[in-house]
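Beneath this line is the structure, given in structure tokens, with notes to follow.
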Amino acid sequence: MVSKEEIEHVAKLMRIELDDHAIHIDRVQKMIEYLDILDRAIKEITEPLIVNEQPLENLREDKYEPYNDKLIDKLKHYKEKFIRAPKMV
Amino acid sequence: MNLGISALEYIDAIKNGDFTIEEFVSETFDRIKKVDDKLHAYLSLNEKALDQAKELDKKRKAKEKIGACMGMSVAIKDNICVKDTKTTCASKMLEKYVAPFDATVIARLRKQDTLFIGKTNLDEFAMGATTEFSAYGPSKNPWNPEYVPGGSSGGSAVAVSALESIASLGSDTGGSVRNPASFCSIVGLKPTYGLVSRYGLISYANSIEQIGPMARTVKDTAFLLNIITGIDPNDNTTVDNHGEDYLKDIDAGIDGKKIGVISEMVGKGTDKEVSSATKKALAKFEDLGAKCEEISIDMVDYSVASYYTITSTEAGSNLARYDNLRYGFDFDLEEYEFNSYISKARKNFGPEVTRRLIIGGFVPSTGHAGKYFLEALKVKSRLTKEINSAFKKVDYLVAPTVPVLPFKFGEKLDDPVAMFLIDFNTVTANLTGKPAISVPFEISNGLPIGIQIIADSMQEKSLFQAAYALESTTNLPKVPL
Amino acid sequence: MTKIGLEIHCQLTKLESKLFCSCKADYRGFEPNTNICPVCIGLPGSLPRLNKKAIERATVIAMALNCQTPQKIAFFRKNYFYPDLPKNFQITQLNIYGPTSIGQEGKISVEGKEVRIRRIQIEEDPGRLIYEGSSERTQITLVDYNRAGTPLVEIVTEPDFENPKQVRLFLNILSDLLENLGVSDPSLEGAMRADANVSIEGGSKVEIKNINSFYDLEKALQFELTRQQSLAERKIEIIQETRHWDDRRKITISARSKEGEEDYRYFLEGDIPWVVIDPQIVARLKKDMPESISSKRERYIKDFDIPSQVADVLSSDKFYSDLFEQAHNKTNAKEVANLITTDLMGFVDTKEKRKESKLTAKHLSDLANAIIENKITRNSSKTVLQTIVKTGKSISQIISEFDLGHVSDEKELTRVIEEVIKEESNAVEEAKQKPETINYLVGKVMKKTKGKADATLTLNLLKKKIAEQ
């Protein structure tokens with residue numbers, strides 16, 4: 001279960017301004033309620049998590065290779081060379 | 001000219017000189033003009049395609065060798081980067097985003113002289129099962145335009161199904177290639193996790209998703225897979241398939257093979273038409289020499305909950321970069337402070353993405369991670385263990401691709417859990433990394449039903465053999481549009 | 001009891017490329033946003049490509065700090081929003097599924113006190129924020145991503161430090177250690193940054209961030225300790241919080257947290273499979289590790305009879321120890337060591353001077369040998385070294401050019417001494433009365449011979465001659 005306040009708090013955490021609170025909150029509550037069945041899934045897990053592995057040898061060699069395209073030109077740029085951010089408070 | 005030919009037939013036709021690449025592309029664009037206003041498979045078209053086709057024809061005339069795809073028209077889901085092309089993920093957040101590089105799969109296809117006809121529609125950021133969540137309007141099912149085409153790779157499925165391209169690429173996180181393939185009566189494959197490079201696929205749930213080929217025949221799908229697979233230094237999660245040829249011996253058949261029907265996937269919640277089609281498919285498998293038995297995989301009942309927990313968490317993180325500072329859409333930052341600016345900018349996410357992001361912030365958060373996220377990981381691990389055990393007993397696992405028939409627009413929109421459950425039969429393959437394919441099997445009252453076959457990791461060759469065998473027992477009508 | 005703990009971020013500046021892409025690891029000197037690529041700027045569809053040498057170097061650092069390295073390491077995402085973070089998450093390491101970061105539970109000795117290392121982790125540096133405009137109202141925030149993705153090793157200590165002095169000593173030892181390992185150049189601006197946590201008896205732990213230099217760190221610690229002690233004296237509670245070091249006002253101020261606590265939603269980085277570090281590789285890395293500073297120091301004292309203060313300087317500075325290693329042999333080791341730590345130091349005490357210096361190990365070796373063979377006096381060594389550093393000329397060249405040959409020929413010396421005695425009759429008389437004033441005459445002989453006279457011989461001959469007067 002999850003409360004409306006908690007949902008609003010999380011929306012803030014995820015940096016999303018919510019307009020139509022009611023619709024979203026109601027649906028999100030239903031969705032999270034469904035996820036509650038995970039509680040019943042397993043009484044206890046003994047095996048370790050299955051993960052992907054790679055040997056150290058397969059990793060990238062430490063070489064400097066400049067990226068050819070002038071990438072900043074293709075992004076939102078300010079004065080040709082910076083990315084501009086809103087003021088930090 | 002028959003736009004409905006398969007990819008392999010197309011290649012032969014070009015080699016034989018039955019028509020030129022330019023002629024085929026031109027007819028394709030005519031077809032798109034005719035039907036796409038209604039079907040909305042495409043978000044954008046490649047204006048240069050005709051010129052590119054002419055170039056390839058010129059080369060051929062000069063007896064120069066061109067790539068194996070011979071200028072084949074392929075549609076690309078709009079969450080896959082094609083260099084210098086708008087790549088929007090069907091979202092307003094990336095309205096103006098032009099990808100500065102090719103995805104690895106695109107580079108590989110390009111090398112074989114594929115023509116990218118256009119970028120296709122999807123549910124926004126690949127989150128959805130119907131394309132109803134596209135910020136640019138849904139795509140329509142060519143078998144009956146009042147019905148959803150499936151999703152999230154709906155546009156890619158429609159393009160192939162409605163003869164607007166020969167084949168397409170989609171992406172599959174929880175069924176997003178297989179589901180629309182089933183709903184539109186085409187073939188769609190989700191490869192083993194790591195078989196196809198994800199470099200250039202705009203991430204939604206990176207530990208689970210794969211790019212998958214979609215085509216009208218099983219052989220076509222195998223042909224495309226041959227081109228796009230391979231280890232990629234740009235993607236650390238790729239695995240080596242040692243240059244395996246998926247077309248070779250594809251007609252070997254399945255005599256003597258064992259097939260397990262996943263009981264959890266044919267029980268409650270399955271439409272009766274889908275049930276009956278599945279039974280017919282099993283009978284066909286037995287005709288082909290295989291033995292079918294029921295297999296129960298406990299964790300399947302929790303797979304959807306595990307899937308949505310994990311994918312929302314990953315989505316919450318993968319979509320965090322969309323703050324409109326480096327790329328995105330026009331929105332002046334002058335009057336704002338940082339957090340309020342990005343919170344407002346991120347209102348441009350659609351409602352479903354917004355909901356998933358909130359869930360994705362909630363389930364791994366301190367205080368809740370233990371109950372949701374960690375539990376989901378445990379289910380994923382246990383499910384993998386169960387499926388691995390199953391593959392010790394059988395060669396293939398089978399189930400209907402989608403438990404229900406294609407449905408009308410708006411039908412599931414108000415019930416988020418009902419929407420979740422559309423993926424009930426498909427998420428298992430994603431969570432466990434196993435390859436799975438949807439083969440069109442039946443048209444029931446004008447609506448397509450697909451059968452899903454799952455194989456063990458890296459067993460695509462064997463998977464294609466089973467799919468090809470099943471396909472050869474079908475004789476489906478042509479798409480009505 | 002005062003408890004201070006540190007979180008030190010060290011850039012692996014000696015790597016060629018960044019942690020997850022092939023852009024340059026050392027971003028200094030680039031025009032803004034020219035050392036970037038789709039990966040380090042987090043473009044949609046980009047994926048991280050882990051740098052093998054970064055893992056190897058971090059493993060070496062972990063070993064040097066006596067840490068355990070697990071056989072499999074993993075990477076995690078730390079999710080938060082900030083403009084210098086292109087993906088709005090940082091790829092870092094954690095230990096929430098057992099030990100998965102590159103180093104655990106190490107220790108290092110700081111002047112007899114053992115400081116425990118809690119863990120070492122590999123992570124990426126964010127970009128840099130630059131502020132344009134003077135007033136807060138008109139200020140513009142600009143972002144330069146050249147630094148984004150630079151490989152970092154974060155070293156977290158237990159709160160074992162008892163005072164700021166110990167912290168300063170530790171940081172010096174750590175800098176020398178990293179430089180000696182050849183993994184980082186700590187003198188580069190921003191290459192080493194530290195945050196601290198401070199608590200006094202009965203008080204809560206206070207984190208201090210935003211410290212830009214080690215000098216500032218010491219000041220910040222002193223300020224914070226005073227602040228906390230003053231609160232304690234007035235029986236005011238010291239609340240647990242994060243404070244920022246205000247460089248302008250030289251105080252720590254409470255960092256306002258607006259949305260309540262940040263929740264980082266840590267989870268495994270799915271794009272980077274766990275890295276399996278074969279024990280054989282670890283053994284090879286250990287074998288190839290440069291000799292540690294303390295080991296060098298012991299060896300210099302034991303094998304070459306070099307005095308401990310000289311050994312201290314020689315071993316802790318890589319530039320000097322490298323020179324020494326190449327220049328010395330069994331006979332001239334002590335002399336070489338001496339030359340480096342007394343005469344040479346002044347000429348190569350900065351990075352720029354070292355870069356421009358034309359001195360080679362052979363020069364040092366030749367010079368030491370020349371002194372031992374009495375071809376040149378030790379007095380001349382400073383001038384000789386200065387010339388070598390500037391011009392790179394060989395010893396023999398300089399000796400002949402500057403006429404610095406050692407005058408130990410008795411006949412020649414006697415002639416000069418007789419000259420001096422004739423010129424300095426008053427001083428000679430004085431020397432007869434007060435023997436210690438003979439040094440004045442020695443000085444005159446030195447002047448006449450341009451410092452080439454053998455000091456001992458001169459003194460003996462002078463004494464003899466004066467006695468004969």
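Ligands are numbered from 1 in the order shown, residues from 1 within each chain, and chains are lettered A, B, ... in the order they appear in the structure tokens.
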
Inset, instruction - Give the residues of chain A that lie within 9 Å of chain B; count only C-alpha atoms, and format the answer as an MDAnalysis selection string. - result: chainID A and resid 6:8 10:19 24:25 27:28 30:32 34:42 45 47:54 58:60 69 71 74:77 83:89

Legend entry - All helix (DSSP H, G or I) positions in region 15-71 of chain A, as a VMD selection string: chain A and resid 21 to 35 38 to 41 56 to 58 71

Residues as selected, N, CA and C atoms, written as a PDB file, in the first residue's frame, can you do that?
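Contents of again_21.pdb, as written:
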ATOM      1  N   HIS A  21      -3.066  15.381 -10.340  1.00  0.00           N
ATOM      2  CA  HIS A  21      -2.702  14.470  -9.263  1.00  0.00           C
ATOM      3  C   HIS A  21      -3.626  13.274  -9.172  1.00  0.00           C
ATOM      4  N   ALA A  22      -4.906  13.574  -9.090  1.00  0.00           N
ATOM      5  CA  ALA A  22      -5.883  12.539  -8.771  1.00  0.00           C
ATOM      6  C   ALA A  22      -5.759  11.335  -9.693  1.00  0.00           C
ATOM      7  N   ILE A  23      -5.754  11.571 -11.001  1.00  0.00           N
ATOM      8  CA  ILE A  23      -5.727  10.451 -11.950  1.00  0.00           C
ATOM      9  C   ILE A  23      -4.475   9.619 -11.747  1.00  0.00           C
ATOM     10  N   HIS A  24      -3.341  10.321 -11.725  1.00  0.00           N
ATOM     11  CA  HIS A  24      -2.085   9.599 -11.594  1.00  0.00           C
ATOM     12  C   HIS A  24      -2.030   8.834 -10.297  1.00  0.00           C
ATOM     13  N   ILE A  25      -2.357   9.523  -9.223  1.00  0.00           N
ATOM     14  CA  ILE A  25      -2.191   8.897  -7.910  1.00  0.00           C
ATOM     15  C   ILE A  25      -3.067   7.672  -7.793  1.00  0.00           C
ATOM     16  N   ASP A  26      -4.270   7.776  -8.277  1.00  0.00           N
ATOM     17  CA  ASP A  26      -5.168   6.635  -8.200  1.00  0.00           C
ATOM     18  C   ASP A  26      -4.610   5.436  -8.954  1.00  0.00           C
ATOM     19  N   ARG A  27      -4.158   5.691 -10.200  1.00  0.00           N
ATOM     20  CA  ARG A  27      -3.612   4.603 -11.012  1.00  0.00           C
ATOM     21  C   ARG A  27      -2.353   4.028 -10.397  1.00  0.00           C
ATOM     22  N   VAL A  28      -1.454   4.932  -9.951  1.00  0.00           N
ATOM     23  CA  VAL A  28      -0.199   4.451  -9.372  1.00  0.00           C
ATOM     24  C   VAL A  28      -0.495   3.580  -8.151  1.00  0.00           C
ATOM     25  N   GLN A  29      -1.455   3.989  -7.369  1.00  0.00           N
ATOM     26  CA  GLN A  29      -1.810   3.180  -6.193  1.00  0.00           C
ATOM     27  C   GLN A  29      -2.219   1.778  -6.615  1.00  0.00           C
ATOM     28  N   LYS A  30      -3.046   1.724  -7.679  1.00  0.00           N
ATOM     29  CA  LYS A  30      -3.514   0.406  -8.153  1.00  0.00           C
ATOM     30  C   LYS A  30      -2.325  -0.427  -8.641  1.00  0.00           C
ATOM     31  N   MET A  31      -1.403   0.233  -9.369  1.00  0.00           N
ATOM     32  CA  MET A  31      -0.270  -0.498  -9.917  1.00  0.00           C
ATOM     33  C   MET A  31       0.617  -1.029  -8.796  1.00  0.00           C
ATOM     34  N   ILE A  32       0.871  -0.192  -7.803  1.00  0.00           N
ATOM     35  CA  ILE A  32       1.740  -0.635  -6.711  1.00  0.00           C
ATOM     36  C   ILE A  32       1.056  -1.719  -5.890  1.00  0.00           C
ATOM     37  N   GLU A  33      -0.264  -1.603  -5.764  1.00  0.00           N
ATOM     38  CA  GLU A  33      -1.004  -2.645  -5.057  1.00  0.00           C
ATOM     39  C   GLU A  33      -0.799  -3.985  -5.713  1.00  0.00           C
ATOM     40  N   TYR A  34      -0.789  -4.005  -7.038  1.00  0.00           N
ATOM     41  CA  TYR A  34      -0.586  -5.262  -7.744  1.00  0.00           C
ATOM     42  C   TYR A  34       0.791  -5.834  -7.413  1.00  0.00           C
ATOM     43  N   LEU A  35       1.777  -4.958  -7.296  1.00  0.00           N
ATOM     44  CA  LEU A  35       3.126  -5.426  -7.024  1.00  0.00           C
ATOM     45  C   LEU A  35       3.259  -6.051  -5.642  1.00  0.00           C
ATOM     46  N   LEU A  38       4.333  -9.691  -4.680  1.00  0.00           N
ATOM     47  CA  LEU A  38       5.714 -10.155  -4.540  1.00  0.00           C
ATOM     48  C   LEU A  38       5.985 -10.680  -3.129  1.00  0.00           C
ATOM     49  N   ASP A  39       5.238 -10.148  -2.182  1.00  0.00           N
ATOM     50  CA  ASP A  39       5.364 -10.604  -0.799  1.00  0.00           C
ATOM     51  C   ASP A  39       5.170 -12.100  -0.681  1.00  0.00           C
ATOM     52  N   ARG A  40       4.210 -12.615  -1.461  1.00  0.00           N
ATOM     53  CA  ARG A  40       3.841 -14.019  -1.308  1.00  0.00           C
ATOM     54  C   ARG A  40       4.743 -14.927  -2.114  1.00  0.00           C
ATOM     55  N   ALA A  41       5.596 -14.319  -2.933  1.00  0.00           N
ATOM     56  CA  ALA A  41       6.303 -15.129  -3.921  1.00  0.00           C
ATOM     57  C   ALA A  41       7.202 -16.197  -3.308  1.00  0.00           C
ATOM     58  N   LEU A  56      38.262  -9.826 -16.621  1.00  0.00           N
ATOM     59  CA  LEU A  56      38.977  -8.558 -16.704  1.00  0.00           C
ATOM     60  C   LEU A  56      39.641  -8.389 -18.071  1.00  0.00           C
ATOM     61  N   GLU A  57      40.149  -9.496 -18.640  1.00  0.00           N
ATOM     62  CA  GLU A  57      40.884  -9.422 -19.917  1.00  0.00           C
ATOM     63  C   GLU A  57      40.029  -8.861 -21.048  1.00  0.00           C
ATOM     64  N   ASN A  58      38.700  -9.041 -20.973  1.00  0.00           N
ATOM     65  CA  ASN A  58      37.840  -8.611 -22.079  1.00  0.00           C
ATOM     66  C   ASN A  58      37.569  -7.122 -22.096  1.00  0.00           C
ATOM     67  N   LEU A  71      30.909  17.450 -31.147  1.00  0.00           N
ATOM     68  CA  LEU A  71      29.625  17.078 -30.562  1.00  0.00           C
ATOM     69  C   LEU A  71      28.852  18.251 -29.992  1.00  0.00           C
TER      70      LEU A  71
END

Inset, instruction - Just need the residues of chain C within 9 Å of chain A, counting only C-alpha atoms, so spit them out as a PyMOL selection string. - result: chain C and resi 15-25+31-38+49-56+72+80-81+83+131+136-145+259+262-263+270+272-278+281

Let's have the selection written as a compact mmCIF listing (two decimals), in the first residue's frame, with N, CA and C atoms.
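Resulting contents of again.txt:
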# COMPACT_ATOMS: atom_id res chain seq x y z
N LEU C 15 46.13 7.61 -16.33
CA LEU C 15 45.49 6.79 -17.35
C LEU C 15 45.39 7.61 -18.63
N GLU C 16 45.29 6.92 -19.76
CA GLU C 16 45.16 7.61 -21.04
C GLU C 16 43.72 8.05 -21.27
N SER C 17 42.78 7.18 -20.90
CA SER C 17 41.38 7.46 -21.26
C SER C 17 40.48 7.44 -20.03
N LYS C 18 39.25 7.92 -20.23
CA LYS C 18 38.28 8.00 -19.14
C LYS C 18 37.82 6.61 -18.71
N LEU C 19 37.01 6.58 -17.66
CA LEU C 19 36.60 5.29 -17.10
C LEU C 19 35.71 4.49 -18.03
N PHE C 20 34.81 5.17 -18.75
CA PHE C 20 33.85 4.43 -19.58
C PHE C 20 33.91 4.75 -21.06
N CYS C 21 34.89 5.56 -21.48
CA CYS C 21 35.02 5.87 -22.90
C CYS C 21 36.45 6.24 -23.21
N SER C 22 36.73 6.50 -24.49
CA SER C 22 38.11 6.75 -24.89
C SER C 22 38.50 8.22 -24.95
N CYS C 23 37.71 9.07 -24.34
CA CYS C 23 38.13 10.47 -24.23
C CYS C 23 39.30 10.54 -23.26
N LYS C 24 40.04 11.66 -23.28
CA LYS C 24 41.24 11.75 -22.47
C LYS C 24 40.93 11.84 -20.99
N ALA C 25 41.67 11.06 -20.19
CA ALA C 25 41.46 11.05 -18.75
C ALA C 25 41.86 12.39 -18.14
N GLU C 31 39.65 23.06 -24.53
CA GLU C 31 38.57 24.04 -24.63
C GLU C 31 37.30 23.39 -24.07
N PRO C 32 36.41 24.17 -23.47
CA PRO C 32 35.21 23.56 -22.87
C PRO C 32 34.46 22.67 -23.84
N ASN C 33 33.99 21.53 -23.34
CA ASN C 33 33.17 20.60 -24.11
C ASN C 33 33.81 20.18 -25.43
N THR C 34 35.13 19.96 -25.41
CA THR C 34 35.79 19.40 -26.58
C THR C 34 36.40 18.04 -26.27
N ASN C 35 36.38 17.65 -25.00
CA ASN C 35 36.87 16.32 -24.63
C ASN C 35 35.67 15.45 -24.25
N ILE C 36 34.70 15.37 -25.17
CA ILE C 36 33.46 14.65 -24.88
C ILE C 36 33.09 13.71 -26.03
N CYS C 37 32.24 12.75 -25.73
CA CYS C 37 31.73 11.83 -26.75
C CYS C 37 30.33 11.40 -26.30
N PRO C 38 29.59 10.66 -27.13
CA PRO C 38 28.23 10.27 -26.72
C PRO C 38 28.18 9.54 -25.38
N ARG C 49 31.80 1.74 -21.53
CA ARG C 49 32.79 0.72 -21.88
C ARG C 49 33.91 0.81 -20.85
N LEU C 50 33.97 -0.13 -19.95
CA LEU C 50 34.87 -0.07 -18.81
C LEU C 50 36.34 -0.17 -19.22
N ASN C 51 37.18 0.66 -18.60
CA ASN C 51 38.60 0.76 -18.88
C ASN C 51 39.37 -0.27 -18.06
N LYS C 52 40.03 -1.20 -18.75
CA LYS C 52 40.72 -2.31 -18.06
C LYS C 52 41.80 -1.81 -17.11
N LYS C 53 42.62 -0.86 -17.60
CA LYS C 53 43.74 -0.40 -16.79
C LYS C 53 43.26 0.31 -15.52
N ALA C 54 42.09 0.93 -15.61
CA ALA C 54 41.55 1.61 -14.42
C ALA C 54 41.33 0.59 -13.31
N ILE C 55 40.80 -0.56 -13.68
CA ILE C 55 40.57 -1.61 -12.68
C ILE C 55 41.90 -2.11 -12.12
N GLU C 56 42.87 -2.31 -13.04
CA GLU C 56 44.18 -2.79 -12.59
C GLU C 56 44.83 -1.80 -11.65
N LYS C 72 35.21 -10.80 -7.55
CA LYS C 72 34.30 -10.21 -8.52
C LYS C 72 33.89 -8.84 -8.01
N TYR C 80 20.73 10.80 -8.76
CA TYR C 80 20.33 12.12 -8.27
C TYR C 80 20.44 13.11 -9.42
N PHE C 81 19.81 14.26 -9.29
CA PHE C 81 19.78 15.23 -10.40
C PHE C 81 20.73 16.38 -10.11
N PRO C 83 23.25 19.35 -12.66
CA PRO C 83 23.65 19.63 -14.04
C PRO C 83 25.02 19.11 -14.45
N TYR C 131 30.36 29.52 -13.07
CA TYR C 131 29.34 30.55 -12.89
C TYR C 131 29.78 31.84 -13.54
N GLU C 136 23.70 37.19 -7.58
CA GLU C 136 22.98 35.91 -7.58
C GLU C 136 21.81 35.95 -8.55
N ARG C 137 21.28 37.13 -8.75
CA ARG C 137 20.11 37.26 -9.63
C ARG C 137 20.49 37.07 -11.09
N THR C 138 21.65 37.64 -11.48
CA THR C 138 22.01 37.58 -12.89
C THR C 138 22.94 36.40 -13.20
N GLN C 139 23.20 35.56 -12.20
CA GLN C 139 24.19 34.51 -12.41
C GLN C 139 23.72 33.47 -13.42
N ILE C 140 24.64 33.07 -14.27
CA ILE C 140 24.35 32.02 -15.25
C ILE C 140 25.21 30.81 -14.92
N THR C 141 24.60 29.66 -14.93
CA THR C 141 25.35 28.43 -14.66
C THR C 141 25.75 27.81 -15.99
N LEU C 142 27.04 27.57 -16.15
CA LEU C 142 27.52 26.94 -17.38
C LEU C 142 28.14 25.60 -17.03
N VAL C 143 27.97 24.64 -17.91
CA VAL C 143 28.50 23.32 -17.64
C VAL C 143 29.52 22.91 -18.68
N ASP C 144 30.64 22.38 -18.19
CA ASP C 144 31.68 21.86 -19.05
C ASP C 144 31.85 20.39 -18.71
N TYR C 145 31.59 19.51 -19.70
CA TYR C 145 31.64 18.08 -19.43
C TYR C 145 33.00 17.44 -19.72
N GLU C 259 14.50 19.17 -0.22
CA GLU C 259 13.45 18.17 -0.43
C GLU C 259 13.50 17.09 0.61
N GLU C 262 17.89 13.21 0.24
CA GLU C 262 18.02 12.67 -1.10
C GLU C 262 18.02 11.15 -0.99
N ASP C 263 17.29 10.49 -1.86
CA ASP C 263 17.25 9.04 -1.86
C ASP C 263 17.92 8.57 -3.13
N GLY C 270 23.29 -2.43 -14.83
CA GLY C 270 23.07 -3.57 -15.72
C GLY C 270 23.93 -3.55 -16.97
N ILE C 272 27.10 -3.04 -17.10
CA ILE C 272 28.46 -3.50 -16.84
C ILE C 272 28.39 -4.83 -16.09
N PRO C 273 28.62 -5.95 -16.81
CA PRO C 273 28.65 -7.24 -16.12
C PRO C 273 29.73 -7.22 -15.03
N TRP C 274 29.49 -7.99 -13.98
CA TRP C 274 30.46 -8.06 -12.87
C TRP C 274 31.82 -8.45 -13.44
N VAL C 275 32.87 -7.80 -12.97
CA VAL C 275 34.21 -8.09 -13.50
C VAL C 275 34.89 -9.13 -12.63
N VAL C 276 35.29 -10.22 -13.26
CA VAL C 276 35.97 -11.28 -12.51
C VAL C 276 37.47 -11.01 -12.58
N ILE C 277 38.08 -10.82 -11.42
CA ILE C 277 39.51 -10.53 -11.39
C ILE C 277 40.24 -11.78 -10.94
N ASP C 278 40.85 -12.44 -11.91
CA ASP C 278 41.55 -13.70 -11.66
C ASP C 278 42.68 -13.49 -10.65
N ILE C 281 46.00 -12.65 -12.07
CA ILE C 281 46.21 -11.26 -12.49
C ILE C 281 46.61 -10.42 -11.29

Legend entry - chain C contacts to chain B at 6 Å (only C-alpha atoms) as a ChimeraX atom specification: /C:44-46,87-88,265,270

With N, CA and C atoms retained, export the selected residues as a short mmCIF file (atom, residue, chain, number, x, y, z; two decimals), in the first residue's frame.
data_model
loop_
_atom_site.label_atom_id
_atom_site.label_comp_id
_atom_site.auth_asym_id
_atom_site.auth_seq_id
_atom_site.Cartn_x
_atom_site.Cartn_y
_atom_site.Cartn_z
N PRO C 44 21.33 9.63 -25.48
CA PRO C 44 20.42 8.48 -25.54
C PRO C 44 21.02 7.39 -26.40
N GLY C 45 21.00 6.17 -25.91
CA GLY C 45 21.54 5.05 -26.68
C GLY C 45 22.99 4.75 -26.40
N SER C 46 23.68 5.60 -25.64
CA SER C 46 25.10 5.33 -25.36
C SER C 46 25.22 4.35 -24.21
N LYS C 87 24.04 11.96 -17.02
CA LYS C 87 22.97 10.97 -17.05
C LYS C 87 22.03 11.16 -15.86
N ASN C 88 22.34 12.11 -15.00
CA ASN C 88 21.62 12.26 -13.72
C ASN C 88 21.68 10.99 -12.89
N ARG C 265 18.41 5.61 -4.42
CA ARG C 265 17.81 4.45 -5.13
C ARG C 265 18.87 3.57 -5.75
N GLY C 270 23.29 -2.43 -14.83
CA GLY C 270 23.07 -3.57 -15.72
C GLY C 270 23.93 -3.55 -16.97
#

Inset, instruction - If you run DSSP over the backbone, which residues in region 350-465 of chain B end up strand (DSSP E or B)? Put them as JSON, numbers by chain. - result: {"B": [396, 397, 398, 399, 400, 408, 436, 437, 438, 439, 440, 441, 442, 443, 444, 447, 448, 449, 450, 451, 452, 453, 454]}

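Counting only C-alpha atoms, region 55-61 of chain B has the following residues at most 7 Å away, ignoring those fewer than 3 positions along the same chain: Thr20, Ile21, Asp51, Gln52, Glu64, Lys65, Ile66 and Gly71 of chain B.
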
Legend entry - Selection near region 188-195 of chain B, 8 Å with only C-alpha atoms, sequence-local residues under 2 positions removed, as a ChimeraX atom specification: /B:171-172,175,177-178,181-182,186,197,208-215,221,229-231,237-241,430,433-439,457-458,460

Inset, instruction - Within 12 Å of Arg31 (chain B), counting only C-alpha atoms, which residues show up once you throw out same-chain ones fewer than 3 positions away? Write them as a list in words, please. - result: Met1, Asn2, Leu3, Gly4, Phe24, Val25, Ser26, Glu27, Thr28, Lys34, Val35, Asp36, Asp37, Lys38, Leu39, Ala41, Ala159, Val160, Ala162, Leu163, Glu164, Ser165 and Leu481 of chain B

Inset, instruction - Excluding region 249-251 of chain C and residues on its chain fewer than 5 positions from it, collect all residues at most 12 Å away from it, counting only C-alpha atoms, and give them as a ChimeraX atom specification. - result: /C:208-212,215-227,243-244

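Our summary of the geometry notes that CA of Ala455 (chain B) is positioned 12.8 Å from CA of Ile254 (chain B).
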
Inset, instruction - Mind checking which residues fall within 7 Å of Met127 (chain B), counting only C-alpha atoms, ignoring those fewer than 2 positions away in the same chain, and posting them as a PyMOL selection string? - result: chain B and resi 123-125+152+353

Selection above as a file: C-alpha atoms, as a short mmCIF file (atom, residue, chain, number, x, y, z; two decimals), in the first residue's frame:
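Once written, part.cif looks like this:
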data_model
loop_
_atom_site.label_atom_id
_atom_site.label_comp_id
_atom_site.auth_asym_id
_atom_site.auth_seq_id
_atom_site.Cartn_x
_atom_site.Cartn_y
_atom_site.Cartn_z
CA ASP B 123 4.46 3.47 -27.08
CA GLU B 124 6.38 6.37 -25.57
CA PHE B 125 9.87 5.22 -24.55
CA SER B 152 5.36 -1.23 -27.88
CA VAL B 353 5.72 7.12 -18.59
#

Inset, instruction - Provide the CA of Ile5 (chain B) to CA of Lys280 (chain B) distance in Å, to one decimal place. - result: 27.0 Å

Legend entry - Point-to-point distance in Å for CA of Leu45 (chain B) and CA of Cys89 (chain B): 14.7 Å
